[in-house]
Amino acid sequence: MAISRVALLIVGLVAGTPGIATFASPSLGQAAAAQQARVVSRVTVTLPDADAELELDGKLVPGTGTTRTFETPGLPRSSTQRAALTVRWKPNTYTNMTRTKTVSFRAGDAVTVDLSREDPGDRVRVIYVPTPQDIAEEMVKLAGVTASDVVFEPGCGDARITIAAIKSGARRGLCVDIDADRVEESRAKVKEAGLDSRIEVRHGDALDVHDLSDATVVLLYMGDHFDMLIRPILWRDLKVGARVVSHRFLMGDWKPDKTITIPSDQGGEYELHLWTITENVKKRLARD
């Protein structure tokens with residue numbers, strides 16, 4: 001397997017961290033004096049996809065394949081190094097995944113990093129595909145929305161699902177989208193519907209929302225990868241009795257209480273899934 005020294009020559013870790021050496025190049029005088037005291041480390045990284053992009057501290061490391069190996073430049077012998085490895089890949093046509101792992105190692109040691117395994121810190125971006133309006137309304141019906149409900153919609157797009165929930169009687173709603181353009185569109189749609197006082201639209205990563213304890217209904221159309229990342233958050237934060245409805249996508253081995261297939265006025269049939277937070281779900285989270 002080809003070894004790329006060039007890849008890590010582009011790297012410059014942040015200098016100045018007490019007790020941590022860096023990959024920053026020393027001055028010529030220092031380099032000459034310390035030349036014989038420097039060693040390299042061979043780094044082998046396992047990736048989730050052969051076409052994934054690999055970065056080291058924000059710098060692209062050239063290469064392809066699910067296993068890639070490269071060497072560091074010369075490092076002070078026995079020094080402690082720290083580096084952040086980030087992989088970006090597309091598991092399907094509508095999902096972009098990012099996984100980051102920070103590793104520490106002693107200069108001269110071989111370093112093995114596995115970035116192929118799912119991690120709670122994974123981040124997902126899903127392309128925007130709107131749910132047909134009549135299917136959005138069917139999602140609200142399946143959730144059994146009432147006047148006491150607070151709705152949370154991650155990846156809200158144009159907020160049509162939350163707007164449908166509020167129009168059906170929900171007390172208030174929270175929409176979150178990572179795309180600034182979608183947030184702007186959602187806010188315009190909410191304002192147009194006259195629901196500014198009842199729907200909050202936030203710009204950000206829905207996986208970072210920390211105030212879900214008031215939510216009683218979650219409505220989403222975000223893909224299997226996102227669903228598996230938000231699942232433990234929902235189990236932890238939602239109260240017993242809260243309902244989750246997903247357009248099309250599932251939640252791994254958390255089997256839905258109900259699945260229905262609905263024809264749309266726009267053509268085609270759509271699967272909707274319903275889950276309910278129970279005491280057993282809370283116990284399962286504690287076990288996991």
# chains A, B, ... in the order shown; residues from 1 in each chain; ligands from 1
>>> closest_atom_pairs(of="range 21-128 of chain A", to="range 143-157 of chain A", cutoff="12 Å", atoms="only C-alpha atoms", output="CSV")
residue,atom,partner,partner_atom,distance
A:Val124,CA,A:Gly155,CA,10.5
A:Arg125,CA,A:Gly155,CA,9.0
A:Val126,CA,A:Gly155,CA,8.1
A:Ile127,CA,A:Gly157,CA,9.4
A:Tyr128,CA,A:Gly157,CA,6.3
>>> residues_around(residues="range 179-191 of chain A", least_positions_apart="2", cutoff="8 Å", atoms="only C-alpha atoms", output="count of residues only")
17
>>> closest_residue(among="A:Arg123, A:His210, A:His225, A:His247", to="Pro91 in chain A", atoms="only C-alpha atoms")
A:His225
>>> residues_around(residues="range 47-61 of chain A", least_positions_apart="4", cutoff="6 Å", atoms="only C-alpha atoms", output="PyMOL selection string")
chain A and resi 7+65-66+84-89+115-116
>>> write_last_selection(atoms="C-alpha atoms", output="PDB file, in the first residue's frame")
ATOM      1  CA  ALA A   7      -0.505  14.175   3.282  1.00  0.00           C
ATOM      2  CA  GLY A  65     -10.110   2.869  -0.118  1.00  0.00           C
ATOM      3  CA  THR A  66     -11.542   1.777   3.206  1.00  0.00           C
ATOM      4  CA  ALA A  84      -8.281  15.118  14.979  1.00  0.00           C
ATOM      5  CA  LEU A  85      -9.291  12.774  12.156  1.00  0.00           C
ATOM      6  CA  THR A  86     -12.537  13.528  10.310  1.00  0.00           C
ATOM      7  CA  VAL A  87     -14.260  11.394   7.688  1.00  0.00           C
ATOM      8  CA  ARG A  88     -17.053  12.617   5.391  1.00  0.00           C
ATOM      9  CA  TRP A  89     -19.069  10.292   3.172  1.00  0.00           C
ATOM     10  CA  LEU A 115     -13.597   5.474  11.824  1.00  0.00           C
ATOM     11  CA  SER A 116     -15.876   2.813  10.327  1.00  0.00           C
TER      12      SER A 116
END
>>> atom_distance(atom1="CA of Ser41 in chain A", atom2="CA of Arg106 in chain A")
8.2 Å
>>> atom_distance(atom1="CA of Gln133 in chain A", atom2="CA of Tyr94 in chain A")
20.5 Å
>>> closest_residue(among="A:Thr95, A:Thr216, A:Thr131, A:Thr72", to="Asp265 in chain A", atoms="only C-alpha atoms")
A:Thr131
>>> select_by_dssp(residues="range 26-193 of chain A", states="strand (DSSP E or B)", output="PyMOL selection string")
chain A and resi 38-39+42-46+53-56+59-61+67-71+75-76+80-92+95-106+111-114+123-126+150-154+172-177
>>> select_by_dssp(residues="range 109-141 of chain A", states="helix (DSSP H, G or I)", output="list in words")
Gln133, Asp134, Ile135, Ala136, Glu137, Glu138, Met139, Val140 and Lys141 of chain A
>>> write_last_selection(atoms="N, CA and C atoms", output="PDB file, in the first residue's frame")
ATOM      1  N   GLN A 133     -48.267  17.728   1.004  1.00  0.00           N
ATOM      2  CA  GLN A 133     -49.103  18.372   2.016  1.00  0.00           C
ATOM      3  C   GLN A 133     -50.121  17.421   2.627  1.00  0.00           C
ATOM      4  N   ASP A 134     -50.759  16.607   1.806  1.00  0.00           N
ATOM      5  CA  ASP A 134     -51.774  15.699   2.356  1.00  0.00           C
ATOM      6  C   ASP A 134     -51.136  14.622   3.232  1.00  0.00           C
ATOM      7  N   ILE A 135     -49.902  14.237   2.934  1.00  0.00           N
ATOM      8  CA  ILE A 135     -49.198  13.256   3.773  1.00  0.00           C
ATOM      9  C   ILE A 135     -48.774  13.903   5.089  1.00  0.00           C
ATOM     10  N   ALA A 136     -48.391  15.171   5.034  1.00  0.00           N
ATOM     11  CA  ALA A 136     -48.071  15.903   6.271  1.00  0.00           C
ATOM     12  C   ALA A 136     -49.280  15.909   7.202  1.00  0.00           C
ATOM     13  N   GLU A 137     -50.445  16.126   6.634  1.00  0.00           N
ATOM     14  CA  GLU A 137     -51.665  16.139   7.441  1.00  0.00           C
ATOM     15  C   GLU A 137     -51.992  14.757   7.989  1.00  0.00           C
ATOM     16  N   GLU A 138     -51.665  13.715   7.226  1.00  0.00           N
ATOM     17  CA  GLU A 138     -51.886  12.348   7.712  1.00  0.00           C
ATOM     18  C   GLU A 138     -50.922  12.008   8.855  1.00  0.00           C
ATOM     19  N   MET A 139     -49.715  12.561   8.813  1.00  0.00           N
ATOM     20  CA  MET A 139     -48.771  12.365   9.913  1.00  0.00           C
ATOM     21  C   MET A 139     -49.331  12.940  11.203  1.00  0.00           C
ATOM     22  N   VAL A 140     -49.936  14.117  11.094  1.00  0.00           N
ATOM     23  CA  VAL A 140     -50.533  14.771  12.261  1.00  0.00           C
ATOM     24  C   VAL A 140     -51.683  13.927  12.804  1.00  0.00           C
ATOM     25  N   LYS A 141     -52.487  13.376  11.917  1.00  0.00           N
ATOM     26  CA  LYS A 141     -53.599  12.518  12.350  1.00  0.00           C
ATOM     27  C   LYS A 141     -53.075  11.271  13.056  1.00  0.00           C
TER      28      LYS A 141
END
>>> closest_residue(among="A:Ala83, A:Asp208, A:Pro132, A:Val45", to="Pro263 in chain A", atoms="only C-alpha atoms")
A:Pro132
>>> closest_residue(among="A:Ile233, A:Leu238, A:Leu274, A:Val217", to="Leu250 in chain A", atoms="only C-alpha atoms")
A:Leu274
>>> closest_residue(among="A:Thr44, A:Asn280, A:Asn92, A:Ser197", to="Trp254 in chain A", atoms="only C-alpha atoms")
A:Asn280
>>> residues_around(residues="Thr278 in chain A", least_positions_apart="3", cutoff="8 Å", atoms="only C-alpha atoms", output="ChimeraX atom specification")
/A:240-241,281-282
>>> atom_distance(atom1="CA of Leu234 in chain A", atom2="CA of Leu212 in chain A")
8.0 Å
>>> decode(residues="range 146-287 of chain A", atoms="C-alpha atoms", output="CSV table (one decimal), in the first residue's frame")
chain,number,residue,atom,x,y,z
A,146,THR,CA,-54.5,17.5,20.6
A,147,ALA,CA,-54.7,21.0,22.0
A,148,SER,CA,-52.3,20.1,24.8
A,149,ASP,CA,-49.5,19.0,22.5
A,150,VAL,CA,-46.1,20.6,21.8
A,151,VAL,CA,-44.7,19.5,18.5
A,152,PHE,CA,-41.0,19.2,17.6
A,153,GLU,CA,-39.9,18.9,14.0
A,154,PRO,CA,-36.2,18.3,13.2
A,155,GLY,CA,-35.2,19.1,9.7
A,156,CYS,CA,-38.3,21.1,9.1
A,157,GLY,CA,-37.7,22.2,5.5
A,158,ASP,CA,-40.5,24.7,4.9
A,159,ALA,CA,-42.3,23.9,8.3
A,160,ARG,CA,-45.3,22.5,6.5
A,161,ILE,CA,-45.7,19.5,8.9
A,162,THR,CA,-45.5,21.7,12.0
A,163,ILE,CA,-47.9,24.2,10.5
A,164,ALA,CA,-50.3,21.4,9.8
A,165,ALA,CA,-50.0,20.2,13.4
A,166,ILE,CA,-50.7,23.7,14.8
A,167,LYS,CA,-53.7,24.2,12.5
A,168,SER,CA,-55.0,20.8,13.8
A,169,GLY,CA,-54.9,22.2,17.3
A,170,ALA,CA,-51.5,21.7,18.8
A,171,ARG,CA,-50.5,24.3,21.4
A,172,ARG,CA,-47.2,25.3,20.0
A,173,GLY,CA,-44.3,24.0,17.8
A,174,LEU,CA,-40.5,24.0,17.5
A,175,CYS,CA,-38.9,23.7,14.1
A,176,VAL,CA,-35.1,23.2,13.6
A,177,ASP,CA,-33.2,23.1,10.3
A,178,ILE,CA,-29.4,23.2,9.7
A,179,ASP,CA,-29.9,25.0,6.3
A,180,ALA,CA,-30.2,28.7,6.6
A,181,ASP,CA,-32.2,29.0,3.4
A,182,ARG,CA,-34.8,26.5,4.8
A,183,VAL,CA,-35.0,28.4,8.0
A,184,GLU,CA,-35.7,31.6,6.2
A,185,GLU,CA,-38.4,29.8,4.1
A,186,SER,CA,-39.9,28.2,7.2
A,187,ARG,CA,-40.1,31.6,9.0
A,188,ALA,CA,-41.8,33.1,6.0
A,189,LYS,CA,-44.3,30.2,5.8
A,190,VAL,CA,-45.1,30.5,9.5
A,191,LYS,CA,-45.6,34.2,9.3
A,192,GLU,CA,-47.8,33.8,6.2
A,193,ALA,CA,-49.9,31.3,8.2
A,194,GLY,CA,-50.2,33.8,11.0
A,195,LEU,CA,-48.6,31.4,13.5
A,196,ASP,CA,-45.5,33.4,14.6
A,197,SER,CA,-46.6,33.4,18.2
A,198,ARG,CA,-47.0,29.6,18.3
A,199,ILE,CA,-44.2,28.3,16.2
A,200,GLU,CA,-40.5,28.9,16.8
A,201,VAL,CA,-38.1,28.3,13.9
A,202,ARG,CA,-34.4,27.7,14.9
A,203,HIS,CA,-31.3,27.6,12.7
A,204,GLY,CA,-29.0,24.8,13.9
A,205,ASP,CA,-28.4,21.0,14.2
A,206,ALA,CA,-31.5,19.3,15.6
A,207,LEU,CA,-29.3,16.8,17.4
A,208,ASP,CA,-28.0,19.7,19.5
A,209,VAL,CA,-31.5,20.7,20.8
A,210,HIS,CA,-31.5,20.3,24.6
A,211,ASP,CA,-34.9,21.4,25.6
A,212,LEU,CA,-37.2,18.6,24.4
A,213,SER,CA,-38.8,17.8,27.8
A,214,ASP,CA,-41.9,19.8,26.9
A,215,ALA,CA,-42.3,18.1,23.5
A,216,THR,CA,-45.2,15.6,23.3
A,217,VAL,CA,-45.1,14.9,19.5
A,218,VAL,CA,-42.1,14.5,17.2
A,219,LEU,CA,-42.7,14.6,13.5
A,220,LEU,CA,-39.9,13.9,11.1
A,221,TYR,CA,-38.7,12.9,7.6
A,222,MET,CA,-35.0,12.7,8.0
A,223,GLY,CA,-33.6,9.3,7.0
A,224,ASP,CA,-32.5,6.1,8.8
A,225,HIS,CA,-29.1,7.4,9.8
A,226,PHE,CA,-30.5,10.6,11.4
A,227,ASP,CA,-33.3,8.6,13.1
A,228,MET,CA,-30.8,6.3,14.8
A,229,LEU,CA,-28.8,9.3,16.1
A,230,ILE,CA,-31.9,11.1,17.5
A,231,ARG,CA,-33.4,7.9,18.9
A,232,PRO,CA,-31.5,7.9,22.2
A,233,ILE,CA,-32.2,11.6,22.6
A,234,LEU,CA,-35.9,11.0,22.2
A,235,TRP,CA,-35.8,8.1,24.6
A,236,ARG,CA,-34.0,10.2,27.2
A,237,ASP,CA,-35.8,13.6,26.9
A,238,LEU,CA,-39.4,12.8,26.0
A,239,LYS,CA,-41.9,11.9,28.7
A,240,VAL,CA,-43.8,8.7,28.8
A,241,GLY,CA,-46.8,9.0,26.5
A,242,ALA,CA,-45.0,11.2,23.9
A,243,ARG,CA,-45.5,10.1,20.3
A,244,VAL,CA,-43.1,10.0,17.4
A,245,VAL,CA,-44.2,9.8,13.7
A,246,SER,CA,-41.8,9.3,10.9
A,247,HIS,CA,-42.5,9.6,7.2
A,248,ARG,CA,-40.9,6.5,5.5
A,249,PHE,CA,-37.9,6.0,7.8
A,250,LEU,CA,-37.5,3.6,10.8
A,251,MET,CA,-35.7,3.5,14.1
A,252,GLY,CA,-33.6,0.4,13.9
A,253,ASP,CA,-34.8,-2.4,16.2
A,254,TRP,CA,-37.3,0.0,17.9
A,255,LYS,CA,-40.4,-1.4,16.2
A,256,PRO,CA,-43.2,1.0,15.5
A,257,ASP,CA,-46.5,0.6,17.3
A,258,LYS,CA,-48.3,1.2,14.0
A,259,THR,CA,-47.4,1.5,10.3
A,260,ILE,CA,-49.9,2.7,7.7
A,261,THR,CA,-49.7,3.2,4.0
A,262,ILE,CA,-51.4,6.3,2.6
A,263,PRO,CA,-52.0,7.3,-1.1
A,264,SER,CA,-51.3,10.9,-1.9
A,265,ASP,CA,-53.2,13.3,-4.1
A,266,GLN,CA,-49.8,13.9,-5.8
A,267,GLY,CA,-49.5,10.2,-6.7
A,268,GLY,CA,-47.8,7.3,-5.1
A,269,GLU,CA,-48.2,5.7,-1.7
A,270,TYR,CA,-46.4,6.7,1.5
A,271,GLU,CA,-45.6,4.7,4.6
A,272,LEU,CA,-45.9,6.4,8.0
A,273,HIS,CA,-44.7,5.0,11.3
A,274,LEU,CA,-45.9,5.7,14.9
A,275,TRP,CA,-44.0,5.0,18.1
A,276,THR,CA,-44.9,5.8,21.7
A,277,ILE,CA,-42.5,6.5,24.6
A,278,THR,CA,-43.2,4.0,27.3
A,279,GLU,CA,-41.7,3.0,30.7
A,280,ASN,CA,-40.1,0.0,28.9
A,281,VAL,CA,-38.4,2.4,26.4
A,282,LYS,CA,-37.0,4.4,29.4
A,283,LYS,CA,-35.7,1.2,31.0
A,284,ARG,CA,-34.2,0.1,27.7
A,285,LEU,CA,-32.2,3.4,27.5
A,286,ALA,CA,-30.9,2.8,31.0
A,287,ARG,CA,-29.7,-0.8,30.0
